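A.B. asks: Just so it is clear, I am handing over work-v2.tsv, which has TSV, C-alpha atoms.
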chain	number	residue	atom	x	y	z
A	1	MET	CA	84.58	228.77	223.40
A	2	GLN	CA	87.00	227.29	225.95
A	3	THR	CA	86.48	230.33	228.19
A	4	LEU	CA	82.70	229.85	228.00
A	5	LYS	CA	83.01	226.16	228.85
A	6	ARG	CA	85.28	226.99	231.76
A	7	SER	CA	82.80	229.58	233.05
A	8	ILE	CA	79.92	227.12	232.78
A	9	LEU	CA	81.92	224.48	234.62
A	10	LEU	CA	82.78	226.93	237.40
A	11	CYS	CA	79.11	227.87	237.73
A	12	VAL	CA	78.11	224.21	237.95
A	13	LEU	CA	80.78	223.53	240.57
A	14	PHE	CA	79.62	226.55	242.54
A	15	ILE	CA	76.00	225.41	242.48
A	16	VAL	CA	76.96	221.89	243.50
A	17	GLY	CA	79.15	223.25	246.27
A	18	MET	CA	76.36	225.44	247.61
A	19	ALA	CA	74.00	222.45	247.53
A	20	HIS	CA	76.48	220.46	249.62
A	21	ILE	CA	76.79	223.38	252.06
A	22	ARG	CA	73.02	223.62	252.41
A	23	ALA	CA	72.81	219.86	252.94
A	24	ALA	CA	75.46	220.07	255.65
A	25	GLU	CA	73.60	222.95	257.30
A	26	ARG	CA	70.41	220.91	257.22
A	27	SER	CA	72.01	217.91	258.92
A	28	ASP	CA	73.84	220.08	261.46
A	29	THR	CA	71.06	222.45	262.43
A	30	LEU	CA	68.27	221.51	264.81
A	31	ARG	CA	64.95	223.00	263.69
A	32	VAL	CA	62.13	223.34	266.21
A	33	LEU	CA	58.68	224.78	265.57
A	34	ALA	CA	56.30	225.50	268.47
A	35	ILE	CA	52.58	225.79	267.80
A	36	GLY	CA	51.43	227.64	270.85
A	37	ASN	CA	50.63	230.92	272.54
A	38	SER	CA	52.21	233.25	275.08
A	39	PHE	CA	53.55	230.29	277.07
A	40	SER	CA	55.58	229.08	274.09
A	41	GLN	CA	56.66	232.70	273.62
A	42	ASP	CA	57.96	232.68	277.20
A	43	ALA	CA	59.81	229.42	276.62
A	44	VAL	CA	61.46	229.61	273.18
A	45	GLU	CA	61.66	233.18	271.94
A	46	GLN	CA	64.27	234.31	274.48
A	47	TYR	CA	67.47	232.65	275.66
A	48	LEU	CA	67.08	229.22	274.03
A	49	TYR	CA	68.93	230.28	270.88
A	50	GLU	CA	71.63	231.95	272.97
A	51	LEU	CA	72.17	228.81	275.06
A	52	ALA	CA	72.45	226.71	271.89
A	53	GLU	CA	74.90	229.20	270.40
A	54	ALA	CA	77.03	229.13	273.56
A	55	ALA	CA	77.14	225.33	273.29
A	56	GLY	CA	78.07	225.44	269.60
A	57	LYS	CA	74.79	223.86	268.49
A	58	PRO	CA	73.22	225.46	265.40
A	59	MET	CA	69.50	225.94	265.79
A	60	ILE	CA	66.46	227.43	264.06
A	61	ILE	CA	63.46	228.24	266.23
A	62	GLY	CA	59.92	229.03	265.14
A	63	ASN	CA	56.92	229.98	267.25
A	64	LEU	CA	53.38	230.21	265.89
A	65	TYR	CA	51.71	232.62	268.29
A	66	ILE	CA	48.11	233.41	269.12
A	67	GLY	CA	47.62	234.68	272.66
A	68	GLY	CA	45.77	232.16	274.83
A	69	ALA	CA	45.18	229.72	271.97
A	70	PRO	CA	44.10	226.21	273.09
A	71	LEU	CA	44.47	223.02	271.07
A	72	ALA	CA	40.90	223.35	269.81
A	73	LYS	CA	41.73	226.76	268.31
A	74	HIS	CA	44.76	225.37	266.50
A	75	LEU	CA	42.62	222.57	265.09
A	76	ALA	CA	39.96	225.02	263.89
A	77	ASN	CA	42.70	227.04	262.21
A	78	VAL	CA	44.09	224.08	260.29
A	79	GLN	CA	40.61	223.04	259.23
A	80	SER	CA	40.02	226.49	257.75
A	81	ASP	CA	43.67	227.03	256.75
A	82	SER	CA	43.45	230.32	258.61
A	83	ALA	CA	46.40	232.71	258.38
A	84	ALA	CA	45.78	233.75	261.97
A	85	TYR	CA	49.25	233.45	263.49
A	86	SER	CA	52.14	235.71	264.25
A	87	TYR	CA	55.08	233.60	263.09
A	88	ARG	CA	58.17	234.46	265.12
A	89	LYS	CA	61.39	232.93	263.83
A	90	ILE	CA	65.04	232.90	264.88
A	91	THR	CA	67.31	231.90	262.02
A	92	ALA	CA	70.51	229.89	262.30
A	93	ASP	CA	72.52	233.13	262.45
A	94	GLY	CA	70.37	234.57	265.23
A	95	VAL	CA	68.26	236.96	263.18
A	96	LYS	CA	64.75	237.38	264.61
A	97	THR	CA	61.84	237.96	262.24
A	98	THR	CA	58.08	238.21	262.67
A	99	THR	CA	55.65	237.40	259.87
A	100	GLU	CA	52.04	238.22	260.54
A	101	HIS	CA	49.05	236.50	258.95
A	102	THR	CA	50.69	233.08	258.72
A	103	SER	CA	48.94	229.72	258.69
A	104	ILE	CA	50.17	226.53	260.30
A	105	ARG	CA	50.55	225.00	256.85
A	106	MET	CA	52.76	227.89	255.68
A	107	ALA	CA	55.02	227.61	258.72
A	108	LEU	CA	55.29	223.82	258.46
A	109	ARG	CA	56.52	224.22	254.88
A	110	ASP	CA	58.96	227.01	255.72
A	111	GLU	CA	61.65	224.67	257.08
A	112	PRO	CA	62.35	220.93	257.24
A	113	TRP	CA	61.49	220.93	260.93
A	114	ASP	CA	62.98	218.25	263.18
A	115	TYR	CA	60.48	218.81	265.98
A	116	VAL	CA	57.01	220.28	266.13
A	117	SER	CA	55.99	221.16	269.68
A	118	LEU	CA	52.39	221.26	270.85
A	119	GLN	CA	50.86	222.44	274.12
A	120	GLN	CA	47.51	223.17	275.72
A	121	ALA	CA	46.39	226.64	276.81
A	122	SER	CA	47.24	227.18	280.46
A	123	PRO	CA	43.69	227.19	281.95
A	124	LEU	CA	43.07	223.82	280.28
A	125	SER	CA	46.56	222.38	280.77
A	126	GLY	CA	45.45	220.05	283.55
A	127	GLN	CA	42.18	218.97	281.91
A	128	PHE	CA	43.01	215.93	279.78
A	129	ASP	CA	39.51	215.70	278.30
A	130	THR	CA	40.30	218.91	276.37
A	131	TYR	CA	43.21	217.10	274.68
A	132	ARG	CA	41.31	214.06	273.43
A	133	GLN	CA	39.64	215.36	270.27
A	134	PRO	CA	41.97	218.10	268.94
A	135	LEU	CA	45.39	216.55	269.61
A	136	PRO	CA	45.13	213.42	267.39
A	137	ALA	CA	43.53	215.51	264.64
A	138	LEU	CA	46.35	218.05	264.79
A	139	HIS	CA	48.90	215.26	264.66
A	140	HIS	CA	47.20	213.81	261.58
A	141	TYR	CA	47.18	217.19	259.85
A	142	ILE	CA	50.85	217.92	260.60
A	143	ASP	CA	51.85	214.50	259.30
A	144	SER	CA	49.83	215.09	256.12
A	145	VAL	CA	51.65	218.39	255.45
A	146	THR	CA	55.15	217.17	256.37
A	147	GLY	CA	54.90	213.65	254.99
A	148	GLY	CA	55.40	212.25	258.46
A	149	SER	CA	58.97	213.58	258.60
A	150	VAL	CA	58.76	215.47	261.91
A	151	ARG	CA	59.09	214.32	265.48
A	152	TYR	CA	56.68	215.51	268.15
A	153	SER	CA	57.39	217.20	271.46
A	154	TRP	CA	54.96	218.19	274.17
A	155	HIS	CA	55.53	221.41	276.06
A	156	GLN	CA	54.47	220.72	279.63
A	157	THR	CA	53.49	224.15	280.96
A	158	TRP	CA	53.61	225.45	284.52
A	159	ALA	CA	51.16	225.99	287.35
A	160	TYR	CA	50.24	229.54	288.23
A	161	ALA	CA	51.75	231.44	291.14
A	162	ALA	CA	49.92	230.78	294.40
A	163	ASN	CA	48.53	234.32	294.44
A	164	SER	CA	47.50	234.35	290.75
A	165	THR	CA	44.29	236.14	289.87
A	166	HIS	CA	43.93	234.45	286.45
A	167	GLN	CA	40.29	233.41	286.06
A	168	GLY	CA	41.39	229.98	284.79
A	169	PHE	CA	42.92	229.29	288.21
A	170	ALA	CA	39.39	228.52	289.40
A	171	ASN	CA	39.61	225.28	287.37
A	172	TYR	CA	42.05	224.12	290.06
A	173	ASP	CA	40.37	225.62	293.15
A	174	ASN	CA	42.87	228.51	292.97
A	175	ASP	CA	45.51	226.14	294.34
A	176	GLN	CA	48.98	225.83	292.84
A	177	GLN	CA	49.59	222.26	293.96
A	178	THR	CA	46.23	221.12	292.60
A	179	MET	CA	47.03	222.74	289.26
A	180	TYR	CA	50.54	221.27	289.16
A	181	ARG	CA	49.29	217.74	289.87
A	182	ALA	CA	46.59	218.06	287.22
A	183	ILE	CA	49.15	219.21	284.63
A	184	MET	CA	51.38	216.26	285.51
A	185	GLU	CA	48.54	213.80	285.08
A	186	ALA	CA	47.41	215.29	281.77
A	187	SER	CA	50.89	215.67	280.27
A	188	GLY	CA	51.71	212.11	281.27
A	189	GLN	CA	48.83	210.86	279.12
A	190	VAL	CA	49.71	212.73	275.91
A	191	LYS	CA	51.57	209.68	274.62
A	192	THR	CA	48.29	207.74	274.63
A	193	LEU	CA	46.92	210.11	271.98
A	194	ILE	CA	49.88	210.76	269.66
A	195	PRO	CA	53.31	209.19	269.10
A	196	LEU	CA	55.32	211.46	271.38
A	197	ASP	CA	59.08	211.66	270.84
A	198	LEU	CA	59.97	214.20	273.50
A	199	LEU	CA	58.49	215.72	276.64
A	200	ILE	CA	59.75	219.17	277.63
A	201	PRO	CA	58.99	219.42	281.37
A	202	ALA	CA	59.02	223.18	281.82
A	203	GLY	CA	56.18	222.91	284.35
A	204	THR	CA	58.19	220.70	286.65
A	205	ALA	CA	61.33	222.82	286.18
A	206	ILE	CA	59.43	225.91	287.36
A	207	GLN	CA	58.00	223.97	290.30
A	208	ASN	CA	61.49	222.71	291.17
A	209	ALA	CA	62.85	226.26	291.11
A	210	ARG	CA	60.09	227.36	293.48
A	211	THR	CA	61.70	225.16	296.16
A	212	SER	CA	64.91	227.23	295.96
A	213	PHE	CA	65.72	230.62	297.43
A	214	LEU	CA	63.83	232.11	294.47
A	215	GLY	CA	60.54	231.00	295.97
A	216	ASP	CA	57.26	231.62	294.20
A	217	HIS	CA	58.51	234.72	292.36
A	218	LEU	CA	58.98	233.35	288.85
A	219	THR	CA	56.07	235.01	287.07
A	220	ARG	CA	55.45	238.63	286.13
A	221	ASP	CA	51.67	238.59	286.52
A	222	GLY	CA	50.86	235.34	288.29
A	223	TYR	CA	51.03	233.15	285.17
A	224	HIS	CA	53.38	234.47	282.48
A	225	LEU	CA	57.03	233.88	283.33
A	226	ASP	CA	59.30	236.58	284.72
A	227	LEU	CA	61.20	238.13	281.80
A	228	HIS	CA	64.60	237.13	283.20
A	229	ILE	CA	64.95	234.13	285.52
A	230	GLY	CA	61.52	232.63	284.80
A	231	ARG	CA	62.08	232.55	281.06
A	232	PHE	CA	65.68	231.40	281.56
A	233	ILE	CA	64.51	228.36	283.55
A	234	ALA	CA	62.17	227.42	280.70
A	235	ALA	CA	64.93	227.92	278.12
A	236	CYS	CA	67.33	225.71	280.12
A	237	THR	CA	64.67	223.01	280.21
A	238	TRP	CA	64.11	223.16	276.47
A	239	PHE	CA	67.87	223.08	275.86
A	240	GLU	CA	68.52	219.98	277.94
A	241	SER	CA	65.43	218.21	276.60
A	242	LEU	CA	66.49	218.81	273.00
A	243	PHE	CA	70.24	218.28	273.28
A	244	GLY	CA	70.55	215.78	276.11
A	245	GLU	CA	72.99	217.80	278.19
A	246	PRO	CA	72.64	220.46	280.89
A	247	ALA	CA	72.35	224.06	279.80
A	248	PRO	CA	75.72	225.86	279.61
A	249	VAL	CA	74.84	228.55	282.14
A	250	GLY	CA	78.52	229.17	282.86
A	251	ASP	CA	78.95	230.30	279.25
A	252	TYR	CA	75.70	232.19	278.88
A	253	ARG	CA	73.20	233.80	281.22
A	254	PRO	CA	71.07	236.81	280.32
A	255	ASP	CA	71.33	240.26	281.84
A	256	GLY	CA	69.29	240.39	285.00
A	257	VAL	CA	70.11	236.81	285.99
A	258	SER	CA	72.81	236.31	288.64
A	259	GLU	CA	75.20	233.38	288.79
A	260	ALA	CA	73.24	231.92	291.68
A	261	GLU	CA	69.95	232.25	289.82
A	262	ALA	CA	71.48	230.69	286.70
A	263	GLU	CA	72.63	227.72	288.77
A	264	VAL	CA	69.08	227.28	290.06
A	265	ALA	CA	67.84	227.35	286.47
A	266	ARG	CA	70.33	224.68	285.45
A	267	GLU	CA	69.60	222.45	288.46
A	268	ALA	CA	65.82	222.85	288.21
A	269	ALA	CA	65.84	222.05	284.50
A	270	HIS	CA	68.15	219.06	284.88
A	271	ALA	CA	66.09	217.58	287.71
A	272	ALA	CA	62.92	218.06	285.67
A	273	VAL	CA	64.37	216.24	282.67
A	274	MET	CA	65.43	213.40	284.95
A	275	SER	CA	62.07	213.29	286.82
A	276	PRO	CA	59.50	215.11	284.68
A	277	PHE	CA	56.39	214.38	286.74
A	278	SER	CA	57.54	215.06	290.30
A	279	VAL	CA	59.13	217.92	292.19
A	280	THR	CA	62.82	217.83	293.13
A	281	ALA	CA	64.08	220.28	295.74
A	282	VAL	CA	66.82	222.56	294.43
A	283	ALA	CA	69.61	222.94	296.96
A	284	ALA	CA	71.51	225.85	295.37
A	285	ASP	CA	72.19	228.45	298.06
A	286	ALA	CA	72.34	232.09	296.95
A	287	ALA	CA	74.88	233.29	299.51
A	288	ALA	CA	77.25	230.36	299.02
A	289	LEU	CA	77.13	230.60	295.24
A	290	GLU	CA	77.63	234.36	295.14
A	291	ALA	CA	80.60	234.02	297.53
A	292	THR	CA	82.34	231.48	295.31
A	293	PRO	CA	85.29	233.15	293.51
Would you encode the structure as structure tokens?
C.D. replies:
Amino acid sequence: MQTLKRSILLCVLFIVGMAHIRAAERSDTLRVLAIGNSFSQDAVEQYLYELAEAAGKPMIIGNLYIGGAPLAKHLANVQSDSAAYSYRKITADGVKTTTEHTSIRMALRDEPWDYVSLQQASPLSGQFDTYRQPLPALHHYIDSVTGGSVRYSWHQTWAYAANSTHQGFANYDNDQQTMYRAIMEASGQVKTLIPLDLLIPAGTAIQNARTSFLGDHLTRDGYHLDLHIGRFIAACTWFESLFGEPAPVGDYRPDGVSEAEAEVAREAAHAAVMSPFSVTAVAADAAALEATP
């Protein structure tokens, strides 16, 4: 009988201990869910976790993906509870999983998310009228599912390359500066529609980096980010926005990104966080940086 009591006590202590561990993990780990499209894929599915790991900051990342999905599509999906998303997730230990046929409701309930990030589809990113109806309704739905426990971030996306052939570029007279200014104006007004806790100025970070020796070579097709430096700039911007400190590019940079390019990414992201609605020239010089021992 004493042995049984001792075994039961040990089991109880184990369960309590595991509960405390899980509670500690919850308080320690930043959980971020993006409801987006290929632009959120570019920004959060590569390199952001690795930067957080290099900085010793536990993180769980989720991305609800439908290619090209605008805010209106996300709203239609919550209204029908449609399991239309590819749910890409990076766990706290870095394991990447993909769950097809997932709804926004299912993903919201998967983790106690700290931030839910929203964004507009790139052709509409500078057209604020397309935000007005779906964005408040999405906010209301997310609050209803999460009990109002999450904070909201807005992913400010980037203007297309000057030579982009994307048909949506016509919305901005096929002009990069026109598109950039329109995105700045629209993203600056998001806070008038929903209680915004965080702006992630990836659009300005990319525009900043275009002033450097990298030039206008940060996309792979005129609108999606280059798989190496383009995506790394976005990841650095997300990192500093979320954690309040510059990305640790000296401790982590991906293959295919040089030291000089990583320094541009860090500088461009930092300047964007400091001045999210205007361009800051990046002074990093490739030759000087590469020559530094």
A.B. asks: Taking into account all atoms listed in the file, which residue in the set A:Tyr85, A:Phe277, A:Phe39, A:Trp238 is nearest to A:Gln120?
C.D. replies: A:Phe39
A.B. asks: Mind checking which residues fall within 12 Å of A:Pro246, counting all atoms listed in the file, ignoring those fewer than 2 positions away in the same chain, and posting them as a ChimeraX atom specification?
C.D. replies: /A:51-52,55,233,235-244,248-251,262-274
A.B. asks: Could you give me, as a compact mmCIF listing (two decimals) with C-alpha atoms, in the frame of the given file, the residues within 7 Å of A:Arg31, counting only C-alpha atoms and dropping anything in the same chain fewer than 3 positions from it?
C.D. replies:
# COMPACT_ATOMS: atom_id res chain seq x y z
CA MET A 59 69.50 225.94 265.79
CA ILE A 60 66.46 227.43 264.06
CA ILE A 61 63.46 228.24 266.23
CA TRP A 113 61.49 220.93 260.93
CA ASP A 114 62.98 218.25 263.18
CA TYR A 115 60.48 218.81 265.98
A.B. asks: To one decimal in Å, tell me the separation between atom CA of A:His228 and atom CA of A:Gln127.
C.D. replies: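 Atom CA of A:Gln127 lies at a distance of 28.9 Å from atom CA of A:His228.
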A.B. asks: Can you pull out the residues contacting stretch 43-45 of chain A? Cut-off 12 Å, using all atoms listed in the file, and skip same-chain residues under 4 positions away; I want them as an NGL selection string.
C.D. replies: :A and (32-39 or 49-52 or 59-65 or 87-91 or 94-98 or 117 or 119 or 155-158 or 200-203 or 205-206 or 224-239 or 242)
A.B. asks: Atom CA of A:Ala69 and atom CA of A:Gln133 are how many Å apart?
C.D. replies: 15.5 Å
A.B. asks: Between A:Tyr47, A:Tyr180, A:Phe169, A:Tyr160, which has the minimum distance to A:Arg220 (counting all atoms listed in the file)?
C.D. replies: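 Counting all atoms listed in the file, the residue closest to A:Arg220 is A:Tyr160.
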A.B. asks: What is the distance, in Å and to one decimal place, between atom CA of A:Tyr223 and atom CA of A:Gly126?
C.D. replies: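 Computed distance, atom CA of A:Tyr223 to atom CA of A:Gly126, equals 14.3 Å.
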A.B. asks: Would you mind listing what lies within 8 Å of A:Ala161 as a PDB file with C-alpha atoms, in the coordinates of the input, with all atoms listed in the file counted and same-chain residues fewer than 5 positions away left out?
C.D. replies:
ATOM      1  CA  GLN A 176      48.980 225.830 292.840  1.00  0.00           C
ATOM      2  CA  ASP A 216      57.260 231.620 294.200  1.00  0.00           C
ATOM      3  CA  HIS A 217      58.510 234.720 292.360  1.00  0.00           C
ATOM      4  CA  LEU A 218      58.980 233.350 288.850  1.00  0.00           C
ATOM      5  CA  THR A 219      56.070 235.010 287.070  1.00  0.00           C
ATOM      6  CA  GLY A 222      50.860 235.340 288.290  1.00  0.00           C
ATOM      7  CA  TYR A 223      51.030 233.150 285.170  1.00  0.00           C
TER       8      TYR A 223
END
A.B. asks: If we count only C-alpha atoms and set the cut-off at 10 Å, which residues sit around A:Arg181, ignoring sequence neighbours fewer than 6 positions away in its own chain? Please answer as JSON, numbers by chain.
C.D. replies: {"A": [126, 159, 172, 187, 204, 277, 278]}
A.B. asks: Restricting the calculation to only C-alpha atoms, which member of A:Pro123, A:Ser164, A:Val145, A:Asn208 is positioned closest to A:Ile183?
C.D. replies: A:Pro123
A.B. asks: Kindly indicate which residue among A:Leu193, A:Leu199, A:Met184, A:Leu71 lies nearest to A:Ala121, using all atoms listed in the file for the distances.
C.D. replies: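 Closest candidate: A:Leu71.
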A.B. asks: Measuring atom to atom with all atoms listed in the file, identify which of A:Ile66, A:Leu118, A:Leu30, A:Leu138 is nearest to A:Gln79.
C.D. replies: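 When distances to A:Gln79 are compared using all atoms listed in the file, the smallest one comes from A:Leu138.
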